[in-house]
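> So here's my_file-v5.cif (mmCIF, C-alpha atoms).
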```
data_data
loop_
_atom_site.label_atom_id
_atom_site.label_comp_id
_atom_site.auth_asym_id
_atom_site.auth_seq_id
_atom_site.Cartn_x
_atom_site.Cartn_y
_atom_site.Cartn_z
CA MET A 1 -191.90 -140.31 91.96
CA LEU A 2 -190.96 -136.66 91.57
CA LYS A 3 -187.38 -137.68 91.01
CA LYS A 4 -188.44 -140.07 88.23
CA ILE A 5 -190.44 -137.36 86.47
CA LEU A 6 -187.48 -135.03 86.76
CA ILE A 7 -185.08 -137.58 85.26
CA VAL A 8 -187.46 -138.38 82.37
CA GLY A 9 -187.92 -134.66 81.82
CA LEU A 10 -184.18 -134.07 81.68
CA ILE A 11 -183.68 -136.94 79.24
CA LEU A 12 -186.43 -135.57 76.95
CA LEU A 13 -184.88 -132.11 77.17
CA ALA A 14 -181.45 -133.53 76.22
CA ILE A 15 -182.97 -135.37 73.25
CA GLY A 16 -184.77 -132.20 72.19
CA ILE A 17 -181.59 -130.14 72.33
CA GLY A 18 -179.76 -132.90 70.45
CA ILE A 19 -182.34 -132.94 67.63
CA GLY A 20 -182.38 -129.15 67.51
CA ALA A 21 -178.59 -128.95 67.25
CA TYR A 22 -178.58 -131.61 64.55
CA LEU A 23 -181.20 -129.81 62.46
CA TRP A 24 -179.52 -126.42 62.94
CA ASN A 25 -176.16 -127.80 61.77
CA LYS A 26 -177.53 -130.28 59.29
CA PRO A 27 -175.13 -130.62 56.33
CA HIS A 28 -176.22 -129.60 52.82
CA ARG A 29 -177.51 -132.41 50.65
CA THR A 30 -174.86 -133.29 48.04
CA ALA A 31 -174.72 -135.71 45.13
CA GLU A 32 -171.77 -137.55 46.66
CA ASN A 33 -173.60 -140.50 48.20
CA GLU A 34 -176.61 -140.50 45.89
CA LYS A 35 -177.19 -142.97 43.10
CA PRO A 36 -177.88 -141.15 39.80
CA VAL A 37 -181.40 -141.66 38.38
CA ALA A 38 -179.93 -141.24 34.89
CA THR A 39 -176.55 -141.22 33.17
CA LEU A 40 -176.31 -139.19 29.97
CA THR A 41 -174.16 -136.91 27.85
CA ALA A 42 -174.10 -133.12 28.24
CA GLU A 43 -175.54 -132.78 24.73
CA ASN A 44 -178.45 -135.17 25.35
CA LEU A 45 -179.31 -133.46 28.64
CA PHE A 46 -179.30 -130.05 26.94
CA VAL A 47 -181.47 -131.30 24.05
CA GLU A 48 -184.02 -132.79 26.45
CA PHE A 49 -184.35 -129.51 28.36
CA SER A 50 -184.31 -127.20 25.35
CA GLU A 51 -186.87 -129.22 23.39
CA THR A 52 -189.17 -130.56 26.11
CA GLU A 53 -188.48 -128.54 29.24
CA GLN A 54 -191.57 -129.64 31.18
CA ALA A 55 -190.90 -133.33 30.59
CA ALA A 56 -187.21 -132.96 31.43
CA GLN A 57 -188.11 -131.12 34.64
CA GLY A 58 -190.42 -133.97 35.61
CA LYS A 59 -187.62 -136.47 35.07
CA TYR A 60 -184.62 -134.65 36.51
CA LEU A 61 -185.58 -131.72 38.75
CA ASP A 62 -184.18 -132.14 42.27
CA LYS A 63 -182.71 -135.54 41.26
CA THR A 64 -179.08 -136.62 41.10
CA ILE A 65 -177.90 -137.31 37.56
CA GLN A 66 -174.55 -138.18 36.00
CA VAL A 67 -173.45 -136.15 32.99
CA SER A 68 -170.40 -136.59 30.81
CA GLY A 69 -169.01 -133.98 28.46
CA THR A 70 -166.12 -131.81 27.38
CA ILE A 71 -165.04 -129.12 29.85
CA ASN A 72 -165.46 -125.56 28.59
CA ASN A 73 -164.23 -123.77 31.67
CA VAL A 74 -163.36 -124.12 35.35
CA SER A 75 -163.89 -120.98 37.46
CA THR A 76 -164.85 -119.64 40.88
CA THR A 77 -168.15 -117.80 41.45
CA GLU A 78 -168.50 -114.58 43.44
CA THR A 79 -169.66 -116.63 46.41
CA GLY A 80 -166.54 -118.81 46.23
CA ASP A 81 -168.06 -121.93 44.68
CA THR A 82 -166.19 -123.87 42.02
CA LYS A 83 -168.00 -123.92 38.71
CA VAL A 84 -167.30 -126.38 35.90
CA THR A 85 -169.07 -125.91 32.57
CA LEU A 86 -169.60 -128.61 29.96
CA ALA A 87 -170.03 -127.87 26.27
CA THR A 88 -173.15 -128.50 24.17
CA SER A 89 -173.72 -128.01 20.44
CA ASP A 90 -175.31 -124.60 21.18
CA MET A 91 -172.66 -121.87 21.52
CA LEU A 92 -174.62 -120.07 24.24
CA ALA A 93 -175.72 -123.10 26.24
CA GLU A 94 -173.70 -125.18 28.65
CA ILE A 95 -174.22 -127.62 31.45
CA VAL A 96 -173.25 -125.60 34.53
CA CYS A 97 -171.98 -127.68 37.43
CA LEU A 98 -171.52 -125.99 40.81
CA MET A 99 -169.28 -128.34 42.74
CA LYS A 100 -169.86 -129.28 46.37
CA ALA A 101 -167.70 -127.39 48.86
CA GLY A 102 -164.17 -128.80 49.02
CA GLU A 103 -164.45 -130.96 45.88
CA ASN A 104 -161.02 -131.31 44.30
CA VAL A 105 -161.05 -130.12 40.68
CA SER A 106 -157.29 -129.67 40.23
CA ALA A 107 -157.26 -132.47 37.62
CA LEU A 108 -159.93 -130.78 35.46
CA THR A 109 -158.80 -128.74 32.46
CA SER A 110 -160.64 -127.16 29.53
CA GLY A 111 -161.05 -129.42 26.54
CA THR A 112 -160.87 -132.72 28.43
CA VAL A 113 -163.78 -135.08 28.96
CA VAL A 114 -165.19 -135.58 32.45
CA ALA A 115 -168.11 -137.31 34.17
CA ILE A 116 -169.84 -135.28 36.88
CA LYS A 117 -172.63 -136.25 39.23
CA GLY A 118 -174.89 -133.50 40.56
CA ILE A 119 -178.39 -132.46 41.63
CA CYS A 120 -180.32 -130.97 38.71
CA ILE A 121 -181.98 -127.62 39.53
CA GLY A 122 -183.42 -126.76 36.11
CA TYR A 123 -182.89 -124.98 32.82
CA ASN A 124 -182.22 -121.28 32.34
CA THR A 125 -180.25 -120.93 29.06
CA ASP A 126 -177.97 -123.52 30.70
CA VAL A 127 -178.95 -126.71 32.45
CA GLN A 128 -177.72 -126.30 36.01
CA LEU A 129 -176.47 -128.92 38.45
CA GLN A 130 -175.34 -128.24 41.99
CA GLN A 131 -173.57 -129.96 44.89
CA CYS A 132 -171.61 -131.88 42.22
CA VAL A 133 -168.78 -134.36 42.50
CA VAL A 134 -166.34 -135.65 39.89
CA VAL A 135 -167.07 -139.30 39.09
CA LYS A 136 -163.93 -141.42 39.39
CA GLU A 137 -163.46 -144.15 36.86
CA MET B 138 -184.60 -120.83 23.52
CA ALA B 139 -185.47 -117.14 23.68
CA ILE B 140 -181.80 -116.26 24.02
CA THR B 141 -180.81 -117.96 20.78
CA ALA B 142 -183.67 -116.21 19.02
CA LEU B 143 -182.39 -112.90 20.38
CA ALA B 144 -178.89 -113.67 19.16
CA VAL B 145 -180.14 -114.33 15.65
CA THR B 146 -182.28 -111.22 15.40
CA SER B 147 -179.80 -108.82 17.00
CA THR B 148 -178.18 -107.70 13.79
CA THR B 149 -179.11 -104.07 14.33
CA ALA B 150 -180.25 -103.65 17.92
CA GLN B 151 -177.52 -103.85 20.54
CA LYS B 152 -178.11 -106.38 23.30
CA TYR B 153 -176.20 -107.05 26.48
CA PHE B 154 -176.28 -110.39 28.24
CA THR B 155 -174.96 -112.41 31.16
CA LYS B 156 -175.52 -115.84 32.66
CA GLU B 157 -173.69 -114.87 35.84
CA GLY B 158 -175.98 -112.30 37.40
CA ASN B 159 -176.09 -112.11 41.19
CA ILE B 160 -179.33 -112.00 43.16
CA THR B 161 -179.27 -111.79 46.94
CA PHE B 162 -182.20 -111.46 49.29
CA HIS B 163 -182.59 -110.57 52.93
CA ALA B 164 -185.79 -111.99 54.37
CA GLY B 165 -184.84 -111.98 58.03
CA THR B 166 -185.85 -109.76 60.92
CA SER B 167 -184.07 -108.74 64.10
CA VAL B 168 -184.87 -112.25 65.40
CA GLU B 169 -182.92 -114.15 62.74
CA ASP B 170 -180.88 -113.52 59.57
CA ILE B 171 -182.28 -115.19 56.46
CA ASP B 172 -179.96 -114.45 53.56
CA ALA B 173 -179.32 -116.30 50.32
CA THR B 174 -177.44 -115.66 47.09
CA ASN B 175 -177.74 -116.93 43.55
CA THR B 176 -174.82 -116.38 41.15
CA THR B 177 -176.30 -117.88 37.97
CA ALA B 178 -179.13 -115.52 37.04
CA THR B 179 -179.51 -114.58 33.39
CA CYS B 180 -180.08 -110.98 32.36
CA VAL B 181 -180.64 -109.45 28.91
CA ILE B 182 -180.87 -105.73 28.21
CA ASP B 183 -181.80 -104.30 24.83
CA ALA B 184 -179.95 -100.99 24.56
CA ALA B 185 -182.27 -99.68 21.87
CA THR B 186 -185.69 -100.42 23.37
CA GLY B 187 -184.80 -100.64 27.06
CA ASP B 188 -186.37 -104.10 27.31
CA MET B 189 -184.95 -105.99 30.26
CA GLU B 190 -185.33 -109.61 31.32
CA TRP B 191 -184.04 -111.51 34.30
CA SER B 192 -184.48 -115.20 35.01
CA VAL B 193 -183.24 -117.32 37.89
CA LEU B 194 -183.51 -120.91 39.12
CA VAL B 195 -185.03 -120.88 42.60
CA LYS B 196 -183.11 -123.96 43.76
CA GLY B 197 -179.87 -122.13 43.00
CA PHE B 198 -180.22 -119.83 46.02
CA LYS B 199 -177.53 -120.82 48.49
CA PHE B 200 -178.12 -120.48 52.22
CA LYS B 201 -175.56 -120.93 54.93
CA ARG B 202 -177.87 -123.37 56.72
CA ALA B 203 -179.09 -126.45 54.87
CA LEU B 204 -182.34 -126.57 56.85
CA MET B 205 -183.21 -123.00 55.89
CA GLU B 206 -182.53 -123.81 52.23
CA GLU B 207 -184.79 -126.85 52.52
CA HIS B 208 -187.63 -124.85 54.07
CA PHE B 209 -187.22 -122.08 51.49
CA ASN B 210 -187.59 -124.59 48.64
CA GLU B 211 -190.19 -126.92 50.10
CA ASN B 212 -192.43 -124.79 52.31
CA TYR B 213 -192.22 -121.28 50.87
CA MET B 214 -191.16 -121.17 47.20
CA GLU B 215 -192.34 -124.71 46.33
CA SER B 216 -189.50 -124.88 43.83
CA ASN B 217 -190.38 -128.35 42.53
CA THR B 218 -193.59 -126.83 41.15
CA PHE B 219 -192.22 -123.34 40.40
CA PRO B 220 -188.53 -123.82 39.54
CA LYS B 221 -187.99 -120.36 38.00
CA SER B 222 -188.51 -116.75 38.97
CA SER B 223 -188.34 -114.01 36.39
CA PHE B 224 -188.67 -110.32 35.69
CA LYS B 225 -189.79 -108.94 32.35
CA GLY B 226 -189.88 -105.22 31.97
CA LYS B 227 -188.39 -102.06 30.64
CA ILE B 228 -185.93 -99.35 31.51
CA ASP B 229 -188.41 -96.48 31.22
CA ASN B 230 -185.80 -93.78 30.63
CA ILE B 231 -183.51 -95.79 28.34
CA SER B 232 -182.80 -92.73 26.19
CA SER B 233 -180.86 -91.15 29.06
CA VAL B 234 -178.37 -94.05 29.13
CA LYS B 235 -175.42 -93.53 26.79
CA PHE B 236 -174.13 -97.02 26.15
CA THR B 237 -171.16 -95.60 24.25
CA ALA B 238 -169.97 -93.22 26.99
CA ASP B 239 -168.49 -94.39 30.30
CA GLY B 240 -170.53 -93.26 33.28
CA THR B 241 -173.19 -94.17 35.83
CA TYR B 242 -176.78 -93.56 34.81
CA LYS B 243 -179.81 -93.56 37.09
CA VAL B 244 -182.68 -95.57 35.64
CA LYS B 245 -186.30 -96.31 36.39
CA VAL B 246 -187.38 -99.86 35.77
CA SER B 247 -190.90 -101.26 35.68
CA GLY B 248 -192.35 -104.58 34.70
CA LYS B 249 -193.70 -107.91 35.84
CA LEU B 250 -192.09 -109.99 38.54
CA THR B 251 -193.06 -113.67 38.56
CA MET B 252 -192.33 -116.00 41.44
CA HIS B 253 -194.13 -118.84 43.16
CA GLY B 254 -196.39 -118.93 40.10
CA GLN B 255 -197.71 -115.41 40.77
CA THR B 256 -197.07 -112.31 38.67
CA LYS B 257 -197.08 -108.76 40.04
CA ASP B 258 -196.27 -105.37 38.58
CA ILE B 259 -193.28 -103.76 40.25
CA SER B 260 -191.21 -100.66 39.66
CA THR B 261 -187.89 -99.65 41.13
CA ASP B 262 -184.86 -97.41 40.72
CA GLY B 263 -181.49 -98.70 39.64
CA THR B 264 -178.23 -97.75 37.99
CA ILE B 265 -176.54 -98.72 34.75
CA THR B 266 -172.78 -98.27 34.80
CA VAL B 267 -171.00 -98.23 31.46
CA LYS B 268 -167.29 -98.90 31.49
CA GLY B 269 -165.18 -99.84 28.50
CA GLY B 270 -167.84 -101.71 26.57
CA THR B 271 -169.26 -103.72 29.48
CA ILE B 272 -172.19 -102.58 31.54
CA THR B 273 -173.24 -103.22 35.11
CA ALA B 274 -176.87 -103.20 36.16
CA ASP B 275 -177.71 -102.74 39.84
CA SER B 276 -180.96 -102.42 41.70
CA LYS B 277 -182.59 -103.03 45.02
CA PHE B 278 -186.28 -103.41 45.80
CA PHE B 279 -188.67 -104.89 48.31
CA VAL B 280 -191.37 -107.53 47.96
CA ASN B 281 -193.99 -108.80 50.34
CA PRO B 282 -194.19 -112.64 50.32
CA ALA B 283 -197.99 -112.41 50.77
CA ASP B 284 -198.28 -110.65 47.39
CA PHE B 285 -196.95 -113.84 45.78
CA LYS B 286 -199.15 -116.17 47.82
CA ILE B 287 -196.18 -117.30 49.89
CA GLU B 288 -197.69 -118.16 53.24
CA VAL B 289 -195.71 -117.60 56.40
CA PRO B 290 -197.03 -119.72 59.30
CA ALA B 291 -197.93 -117.81 62.47
CA THR B 292 -195.01 -119.40 64.34
CA ASN B 293 -192.52 -117.82 61.90
CA LYS B 294 -194.19 -114.43 61.48
CA ASP B 295 -191.61 -112.76 63.73
CA LYS B 296 -188.69 -114.30 61.82
CA ILE B 297 -189.66 -113.64 58.23
CA SER B 298 -190.01 -110.06 57.08
CA ASN B 299 -192.99 -108.86 55.07
CA LYS B 300 -190.53 -106.53 53.36
CA VAL B 301 -187.99 -108.86 51.76
CA GLU B 302 -185.09 -106.91 50.29
CA ILE B 303 -183.90 -108.16 46.91
CA VAL B 304 -180.55 -106.96 45.59
CA VAL B 305 -179.66 -107.63 41.96
CA SER B 306 -176.35 -107.00 40.22
CA ALA B 307 -175.09 -108.12 36.85
CA ASN B 308 -172.05 -107.45 34.65
CA LEU B 309 -173.24 -107.74 31.07
CA ALA B 310 -171.27 -108.06 27.89
CA GLU B 311 -172.30 -107.31 24.34
CA LEU B 312 -174.16 -110.26 22.89
CA LYS B 313 -172.17 -111.45 19.89
CA LYS B 314 -174.08 -112.64 16.87
#
```
Would you write out, as structure tokens, the structure that this file holds?

Amino acid sequence: MLKKILIVGLILLAIGIGIGAYLWNKPHRTAENEKPVATLTAENLFVEFSETEQAAQGKYLDKTIQVSGTINNVSTTETGDTKVTLATSDMLAEIVCLMKAGENVSALTSGTVVAIKGICIGYNTDVQLQQCVVVKE
Amino acid sequence: MAITALAVTSTTAQKYFTKEGNITFHAGTSVEDIDATNTTATCVIDAATGDMEWSVLVKGFKFKRALMEEHFNENYMESNTFPKSSFKGKIDNISSVKFTADGTYKVKVSGKLTMHGQTKDISTDGTITVKGGTITADSKFFVNPADFKIEVPATNKDKISNKVEIVVSANLAELKK
């Protein structure tokens, strides 16, 4: 009887440690395997946020969306993330896409058109997406 | 669209701006490190009036651990409801900053900090560094999560500091009309 309790206890402990380790090392959520809730152009996304921010937040905040547009710039942030910006009709506003770690952007150059899928985190002069991937044709 | 409005009206007053401001916070204790950084904060400084504004998307804070980031957004900052944090204030001694002469100037900043839907008056010290037409703004201050109605459950009281250090740093360029 005691032995049984001990074995059950050890199994529960192992499961507990397993769950703990999984949660502790849980990978970041990325857009890679998520289906976009909307597919739109950089310009249309910007217009929605700049004109009706509340409504756009309700539709897109924390959701994966697919955006296509012309690349303004590809750079690296101070924390080492790759950042791709897409042009809008407003000189000061862009769609800022922080790519997921390890995403290959070697094919992306300024002035070319690209489709990017990412998780929308809101509007602050720019509309920002994070954990993005390049959408292959 | 405040930024565009600023750009249009800045024919006389000199404004400095960035969309790549850095904000880092340290909310941990000796039990556990809780650090996160955001590299896409906006900052505008009006060199004439000393008006200063910062704005940042809460979901843009990157943590090393995904679970911590999830808890930060869902349990503490409730970033689906309150996606932005901001500071609106003034450099109180703006007249002592010479934007045309290279150098490092000590400044006093005061204003309203809004996060988690709550607004509090804060004041802090900082520096403005002028170098060849660009300026760098740096400051460090502490906030208590309880002041912003951010509840820390009893089980995490030893892990989350009630003096969260916030470090801000931005390289600003002249805002072109």
> Up to 10 Å from chain A, what residues of chain B turn up? Count all atoms listed in the file and give them as a PyMOL selection string.
chain B and resi 138-141+144+156-159+174-179+192-197+199-207+216-218+220-221+312-313
> Please write the residues from the selection above to a file, keeping C-alpha atoms, as a compact mmCIF listing (two decimals), in the coordinates of the input.

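The resulting file, out_26.txt, is reproduced below:
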```txt
# COMPACT_ATOMS: atom_id res chain seq x y z
CA MET B 138 -184.60 -120.83 23.52
CA ALA B 139 -185.47 -117.14 23.68
CA ILE B 140 -181.80 -116.26 24.02
CA THR B 141 -180.81 -117.96 20.78
CA ALA B 144 -178.89 -113.67 19.16
CA LYS B 156 -175.52 -115.84 32.66
CA GLU B 157 -173.69 -114.87 35.84
CA GLY B 158 -175.98 -112.30 37.40
CA ASN B 159 -176.09 -112.11 41.19
CA THR B 174 -177.44 -115.66 47.09
CA ASN B 175 -177.74 -116.93 43.55
CA THR B 176 -174.82 -116.38 41.15
CA THR B 177 -176.30 -117.88 37.97
CA ALA B 178 -179.13 -115.52 37.04
CA THR B 179 -179.51 -114.58 33.39
CA SER B 192 -184.48 -115.20 35.01
CA VAL B 193 -183.24 -117.32 37.89
CA LEU B 194 -183.51 -120.91 39.12
CA VAL B 195 -185.03 -120.88 42.60
CA LYS B 196 -183.11 -123.96 43.76
CA GLY B 197 -179.87 -122.13 43.00
CA LYS B 199 -177.53 -120.82 48.49
CA PHE B 200 -178.12 -120.48 52.22
CA LYS B 201 -175.56 -120.93 54.93
CA ARG B 202 -177.87 -123.37 56.72
CA ALA B 203 -179.09 -126.45 54.87
CA LEU B 204 -182.34 -126.57 56.85
CA MET B 205 -183.21 -123.00 55.89
CA GLU B 206 -182.53 -123.81 52.23
CA GLU B 207 -184.79 -126.85 52.52
CA SER B 216 -189.50 -124.88 43.83
CA ASN B 217 -190.38 -128.35 42.53
CA THR B 218 -193.59 -126.83 41.15
CA PRO B 220 -188.53 -123.82 39.54
CA LYS B 221 -187.99 -120.36 38.00
CA LEU B 312 -174.16 -110.26 22.89
CA LYS B 313 -172.17 -111.45 19.89
```
> Would you mind listing what lies within 12 Å of Ser106 (chain A) as an MDAnalysis selection string, with all atoms listed in the file counted and same-chain residues fewer than 4 positions away left out?
chainID A and resid 74:75 82 84 102 110 134
> Include C-alpha atoms and write out the residues we just selected as a PDB file, in the coordinates of the input.

```
ATOM      1  CA  VAL A  74    -163.360-124.120  35.350  1.00  0.00           C
ATOM      2  CA  SER A  75    -163.890-120.980  37.460  1.00  0.00           C
ATOM      3  CA  THR A  82    -166.190-123.870  42.020  1.00  0.00           C
ATOM      4  CA  VAL A  84    -167.300-126.380  35.900  1.00  0.00           C
ATOM      5  CA  GLY A 102    -164.170-128.800  49.020  1.00  0.00           C
ATOM      6  CA  SER A 110    -160.640-127.160  29.530  1.00  0.00           C
ATOM      7  CA  VAL A 134    -166.340-135.650  39.890  1.00  0.00           C
TER       8      VAL A 134
END
```
> Give me, please, the distance in Å between CA of Leu13 (chain A) and CA of Ile171 (chain B), quoted to one decimal.
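Interatomic distance here is 26.9 Å.
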> From the list B:Gly263, B:Gly248, B:Gly254, B:Gly240, which residue is nearest Phe224 (chain B) when using only C-alpha atoms?
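Counting only C-alpha atoms, the residue closest to Phe224 (chain B) is B:Gly248.
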> At what distance in Å, to one decimal, does CA of Val133 (chain A) lie from CA of Asn104 (chain A)?
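These atoms are spaced 8.5 Å apart.
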> To one decimal place in Å, what is the distance between CA of Ala38 (chain A) and CA of Phe219 (chain B)?
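Separating CA of Ala38 (chain A) from CA of Phe219 (chain B) is a distance of 22.4 Å.
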> So which residues touch Asp188 (chain B) within 10 Å, counting all atoms listed in the file, skipping near sequence neighbours fewer than 3 positions away, as a VMD selection string?
chain B and resid 152 181 to 185 225 to 229 231 246 to 248
> Skipping near chain neighbours, those fewer than 3 positions away, what residues fall within 12 Å of region 291-294 of chain B using all atoms listed in the file, listed as a count of residues only?
17
> I need every residue sitting at most 9 Å from the point (-167.2, -143.2, 40.4) (coordinates as in the file, all atoms listed in the file considered), written as a ChimeraX atom specification.
/A:115,117,134-137
> List every protein, DNA or RNA residue that has an atom no more than 6 Å from (-181.6, -101.1, 34.0) in the file's coordinate frame, counting all atoms listed in the file, and report them as a ChimeraX atom specification.
/B:228,244,265,274
> Next, dump the selected residues to file, keeping only C-alpha atoms, as a compact mmCIF listing (two decimals), in the coordinates of the input.

```txt
# COMPACT_ATOMS: atom_id res chain seq x y z
CA ILE B 228 -185.93 -99.35 31.51
CA VAL B 244 -182.68 -95.57 35.64
CA ILE B 265 -176.54 -98.72 34.75
CA ALA B 274 -176.87 -103.20 36.16
```
> I want to know what sits within 9 Å of Ser68 (chain A), based on all atoms listed in the file, with residues of the same chain fewer than 6 positions away left out; could you give that as a PyMOL selection string?
chain A and resi 39-43+86+113-117
